[in-house]
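The structure appears below as structure tokens.
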Amino acid sequence: MKPLLRQISIATLGHGLEKVIALVIVTVLVRHVDKTLMGEFFFAISVCTAAALLNEFGTSRYLVRAVAQDRTGAAAYLGGVLRLRLPLLALTVVTINCIVAVTAPQLLWMFVFTSIYILSESLYFAFGSTLLGIGAVSARVVSGLIGPLCLLVLVPTAIFLDWSFDRIVVVYAIATTVMATIGLAVVIRRIGRVTILRGAVSARSVIAQCSLLFAVNLLILLHARIDEWMLAAMRDFREVAGYAAAYKLAEVSRTAIRPITMVLFPVFAAAVARAAWQQVRSYAKRTLWSVALISLAVAICVIAVAPWLVPLLFGAEYPETVAITRVLFLATPALFISYAAMPINSSLHLDKQTLGFAVVSVGVNFVLNLFIIPRWGAIGAAWSTLVTESLFSVCMLALLSSKLQARALADLERKSIS
């Protein structure tokens with residue numbers, strides 16, 4: 001248990017630093033860049049993040065699970081993923097920007113470099129997932145900080161030099177491209193040469209194992225981003241900026257639990273492969289109780305200090321973000337618990353059931369937004385998120401509980417027979 005606690009501590013430190021850096025950079029930008037322009041940037045990030053999920057195709061979770069269960073095949077698994085993803089990456093960048101060139105040519109420059117920024121980061125996650133699968137948590141943390149640290153130096157410098165925002169988005173693209181390149185070098189040093197042709201897992205095999213994981217990830221992303229997209233379509237970019245600022249703060253709060261799931265997912269996957277059900281039950285119980293307590297503490301603290309925290313971070317132009325932040329943080333316990341339950345359920349290969357719950361949650365969110373956003377705007381979208389995140393969390397816990405109880409009964413029956 002001590003090695004796990006050490007790895008979680010390292011991951012917490014690194015991931016916390018990564019999110020704090022991201023928040024600092026956003027804070028600098030919103031204080032010096034026009035709000036409408038920031039809304040366009042947040043919208044571009046949202047669209048490109050969705051496209052990155054299409055390119056990722058569930059391969060990050062697949063890599064963690066596969067490599068944790070068979071470390072000797074790490075290079076073959078990664079090679080198979082790259083064989084699938086590299087052509088998709090090129091196609092995704094071209095497709096996004098062709099669509100933007102036709103429908104909104106004034107946003108083309110921003111979308112070109114935002115797409116490179118987001119998709120290079122997504123490619124890095126394949127290398128980071130491989131490192132997690134082999135238990136190299138420190139290497140994953142350090143390599144994952146390269147891009148954020150570059151931005152922490154370059155973005156404030158660009159603001160100080162009074163660069164245009166067009167030049168700043170180029171900086172974003174360069175930072176994550178460098179991070180992905182270094183991440184590949186670290187992985188090669190750890191597992192050896194990676195080839196995408198001979199010796200790699202076939203793309204067909206990767207697709208077969210990733211399809212459900214991809215569908216789950218797609219629905220989870222839709223659940224997270226649908227509010228911003230519908231606000232952009234039904235209100236205006238200023239409301240998108242106000243909502244996105246609050247959501248960024250909520251994303252930063254996940255720093256409190258992401259290291260736990262990041263470190264324990266390969267542990268759960270390996271334990272399931274060994275049929276070590278007692279270990280799975282024990283770790284699942286500890287993980288979920290820990291996450292519940294952490295989420296409650298985070299929600300209470302942020303809701304209490306929101307009237308001072310939001311103006312401090314985002315300035316006087318975001319008064320509506322205070323109320324949005326408070327509502328989103330009411331959803332924190334549900335969001336954290338479902339976030340922690342997902343990798344546990346995935347290690348148990350419950351992806352089909354998780355997909356069903358996600359479809360229902362997104363559908364309910366979409367219908368609620370159709371009625372709520374035209375009348376109440378961003379604050380209404382936040383309440384919609386609270387309802388649907390709670391629904392998803394309850395379903396995920398019920399699924400996990402029933403599965404572990406079934407395994408416990410099977411163990412008792414086997415012991416009574418023997």
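Just remember, in the structure tokens the first chain shown is A, the second B, etc., residues are 1-based per chain, and ligands are 1-based in the order shown.
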Taking only residues of region 220-255 of chain A that have an atom at most 10 Å from an atom of region 339-360 of chain A, what is each one's shortest atom pair and its distance in Å to one decimal, using only C-alpha atoms, in chain and number order, as a Markdown table?
| residue | atom | partner | partner_atom | distance |
| --- | --- | --- | --- | --- |
| A:Ile220 | CA | A:Ala358 | CA | 6.6 |
| A:Leu221 | CA | A:Ala358 | CA | 9.9 |
| A:Leu222 | CA | A:Ala358 | CA | 9.3 |
| A:His223 | CA | A:Ala358 | CA | 7.9 |
| A:Arg254 | CA | A:Tyr339 | CA | 9.0 |
I need the chosen residues saved as an mmCIF file, in the first residue's frame, with C-alpha atoms.
data_model
loop_
_atom_site.group_PDB
_atom_site.id
_atom_site.type_symbol
_atom_site.label_atom_id
_atom_site.label_comp_id
_atom_site.auth_asym_id
_atom_site.auth_seq_id
_atom_site.Cartn_x
_atom_site.Cartn_y
_atom_site.Cartn_z
ATOM 1 C CA ILE A 220 -18.790 11.799 -21.350
ATOM 2 C CA LEU A 221 -17.275 14.614 -23.413
ATOM 3 C CA LEU A 222 -20.684 15.528 -24.826
ATOM 4 C CA HIS A 223 -22.007 15.645 -21.293
ATOM 5 C CA ARG A 254 -10.748 17.427 -10.155
#
Taking 2 positions as the minimum chain separation for residues in the same chain, which residues sit within 8 Å of Arg258 (chain A) when counting only C-alpha atoms? Answer as a PDB file with N, CA and C atoms, in the first residue's frame.
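Final output, selection.pdb:
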ATOM      1  N   THR A  12      -0.515  13.479  -7.540  1.00  0.00           N
ATOM      2  CA  THR A  12      -1.270  14.619  -7.025  1.00  0.00           C
ATOM      3  C   THR A  12      -0.485  15.906  -7.170  1.00  0.00           C
ATOM      4  N   HIS A  15      -0.197  16.639 -11.090  1.00  0.00           N
ATOM      5  CA  HIS A  15      -1.459  17.026 -11.712  1.00  0.00           C
ATOM      6  C   HIS A  15      -1.976  18.337 -11.132  1.00  0.00           C
ATOM      7  N   ARG A 254     -10.929  18.871  -9.981  1.00  0.00           N
ATOM      8  CA  ARG A 254     -10.748  17.427 -10.155  1.00  0.00           C
ATOM      9  C   ARG A 254      -9.323  16.979  -9.855  1.00  0.00           C
ATOM     10  N   THR A 255      -8.435  17.958  -9.763  1.00  0.00           N
ATOM     11  CA  THR A 255      -7.054  17.654  -9.384  1.00  0.00           C
ATOM     12  C   THR A 255      -7.013  16.868  -8.083  1.00  0.00           C
ATOM     13  N   ALA A 256      -8.003  17.098  -7.240  1.00  0.00           N
ATOM     14  CA  ALA A 256      -8.029  16.439  -5.942  1.00  0.00           C
ATOM     15  C   ALA A 256      -8.195  14.929  -6.055  1.00  0.00           C
ATOM     16  N   ILE A 260      -5.714   9.836  -7.967  1.00  0.00           N
ATOM     17  CA  ILE A 260      -6.146   8.565  -7.381  1.00  0.00           C
ATOM     18  C   ILE A 260      -6.573   7.609  -8.473  1.00  0.00           C
ATOM     19  N   THR A 261      -7.421   8.082  -9.388  1.00  0.00           N
ATOM     20  CA  THR A 261      -7.896   7.206 -10.466  1.00  0.00           C
ATOM     21  C   THR A 261      -6.771   6.883 -11.447  1.00  0.00           C
ATOM     22  N   MET A 262      -5.884   7.834 -11.684  1.00  0.00           N
ATOM     23  CA  MET A 262      -4.789   7.639 -12.624  1.00  0.00           C
ATOM     24  C   MET A 262      -3.868   6.513 -12.164  1.00  0.00           C
ATOM     25  N   ALA A 340     -14.586   8.627 -10.390  1.00  0.00           N
ATOM     26  CA  ALA A 340     -13.791   7.571  -9.757  1.00  0.00           C
ATOM     27  C   ALA A 340     -14.324   6.186 -10.092  1.00  0.00           C
TER      28      ALA A 340
END
For region 36-38 of chain A, work out the shell of residues within 12 Å, counting only C-alpha atoms and skipping chain neighbours fewer than 3 positions away, then give it as a short mmCIF file (atom, residue, chain, number, x, y, z; two decimals) with N, CA and C atoms, in the first residue's frame.
data_model
loop_
_atom_site.label_atom_id
_atom_site.label_comp_id
_atom_site.auth_asym_id
_atom_site.auth_seq_id
_atom_site.Cartn_x
_atom_site.Cartn_y
_atom_site.Cartn_z
N VAL A 26 -5.15 30.95 -17.88
CA VAL A 26 -6.49 31.44 -18.23
C VAL A 26 -6.77 32.77 -17.54
N THR A 27 -6.35 32.88 -16.27
CA THR A 27 -6.55 34.13 -15.53
C THR A 27 -5.83 35.29 -16.20
N VAL A 28 -4.60 35.06 -16.65
CA VAL A 28 -3.84 36.11 -17.34
C VAL A 28 -4.55 36.51 -18.64
N LEU A 29 -5.03 35.50 -19.37
CA LEU A 29 -5.67 35.79 -20.65
C LEU A 29 -6.97 36.57 -20.49
N VAL A 30 -7.84 36.12 -19.55
CA VAL A 30 -9.15 36.78 -19.43
C VAL A 30 -9.01 38.22 -18.93
N ARG A 31 -7.89 38.53 -18.29
CA ARG A 31 -7.68 39.90 -17.80
C ARG A 31 -7.10 40.82 -18.87
N HIS A 32 -6.57 40.25 -19.96
CA HIS A 32 -5.89 41.07 -20.96
C HIS A 32 -6.44 40.89 -22.38
N VAL A 33 -7.33 39.94 -22.57
CA VAL A 33 -7.86 39.67 -23.91
C VAL A 33 -9.36 39.95 -23.91
N PHE A 41 -12.19 31.57 -28.43
CA PHE A 41 -11.11 30.64 -28.13
C PHE A 41 -11.63 29.44 -27.35
N PHE A 42 -12.45 29.70 -26.32
CA PHE A 42 -13.03 28.61 -25.55
C PHE A 42 -13.89 27.72 -26.45
N PHE A 43 -14.62 28.34 -27.36
CA PHE A 43 -15.45 27.57 -28.29
C PHE A 43 -14.57 26.71 -29.19
N ALA A 44 -13.47 27.26 -29.70
CA ALA A 44 -12.56 26.50 -30.55
C ALA A 44 -11.96 25.32 -29.79
N ILE A 45 -11.58 25.56 -28.53
CA ILE A 45 -11.05 24.48 -27.70
C ILE A 45 -12.08 23.39 -27.51
N GLN A 106 -13.38 33.72 -40.71
CA GLN A 106 -12.72 34.67 -39.81
C GLN A 106 -12.10 33.97 -38.60
N LEU A 107 -12.49 32.72 -38.34
CA LEU A 107 -11.94 31.96 -37.21
C LEU A 107 -10.89 30.95 -37.65
N MET A 110 -7.39 30.89 -35.81
CA MET A 110 -7.53 30.38 -34.45
C MET A 110 -7.74 28.88 -34.44
N SER A 164 -0.40 39.98 -30.44
CA SER A 164 -1.79 39.74 -30.79
C SER A 164 -2.19 38.33 -30.37
N PHE A 165 -3.50 38.11 -30.24
CA PHE A 165 -3.96 36.78 -29.84
C PHE A 165 -3.67 35.74 -30.91
N ASP A 166 -3.59 36.16 -32.16
CA ASP A 166 -3.24 35.23 -33.24
C ASP A 166 -1.86 34.61 -33.01
N ILE A 168 -0.46 34.32 -29.99
CA ILE A 168 -0.52 33.54 -28.76
C ILE A 168 -1.00 32.12 -29.02
N VAL A 169 -1.99 31.94 -29.93
CA VAL A 169 -2.47 30.58 -30.21
C VAL A 169 -1.39 29.73 -30.88
N ALA A 232 -23.61 28.69 -27.04
CA ALA A 232 -23.10 29.38 -28.23
C ALA A 232 -24.18 29.48 -29.30
N ASP A 236 -25.06 33.78 -26.59
CA ASP A 236 -23.95 34.47 -27.25
C ASP A 236 -22.63 34.04 -26.63
N PHE A 237 -21.52 34.49 -27.24
CA PHE A 237 -20.20 34.05 -26.79
C PHE A 237 -19.82 34.62 -25.43
N ARG A 238 -20.41 35.73 -25.03
CA ARG A 238 -20.13 36.26 -23.71
C ARG A 238 -20.65 35.31 -22.62
N GLU A 239 -21.80 34.73 -22.86
CA GLU A 239 -22.31 33.75 -21.89
C GLU A 239 -21.49 32.47 -21.92
N VAL A 240 -20.99 32.10 -23.12
CA VAL A 240 -20.09 30.95 -23.21
C VAL A 240 -18.86 31.19 -22.35
N ALA A 241 -18.29 32.41 -22.43
CA ALA A 241 -17.10 32.73 -21.65
C ALA A 241 -17.39 32.67 -20.15
N GLY A 242 -18.55 33.20 -19.73
CA GLY A 242 -18.89 33.18 -18.31
C GLY A 242 -19.07 31.77 -17.79
N TYR A 243 -19.74 30.92 -18.58
CA TYR A 243 -19.93 29.52 -18.17
C TYR A 243 -18.61 28.76 -18.22
N ALA A 244 -17.83 28.96 -19.29
CA ALA A 244 -16.57 28.22 -19.45
C ALA A 244 -15.59 28.56 -18.34
N ALA A 245 -15.58 29.82 -17.88
CA ALA A 245 -14.69 30.20 -16.78
C ALA A 245 -15.03 29.41 -15.52
N PHE A 314 -10.85 35.98 -12.34
CA PHE A 314 -11.32 36.34 -13.67
C PHE A 314 -11.62 37.83 -13.85
N GLU A 317 -15.32 41.51 -15.08
CA GLU A 317 -16.19 41.29 -16.24
C GLU A 317 -16.97 39.99 -16.16
#
| remark: From the list A:Leu309, A:Val187, A:Ala233, A:Val387, the nearest residue to Gly135 (chain A) using only C-alpha atoms is A:Val187
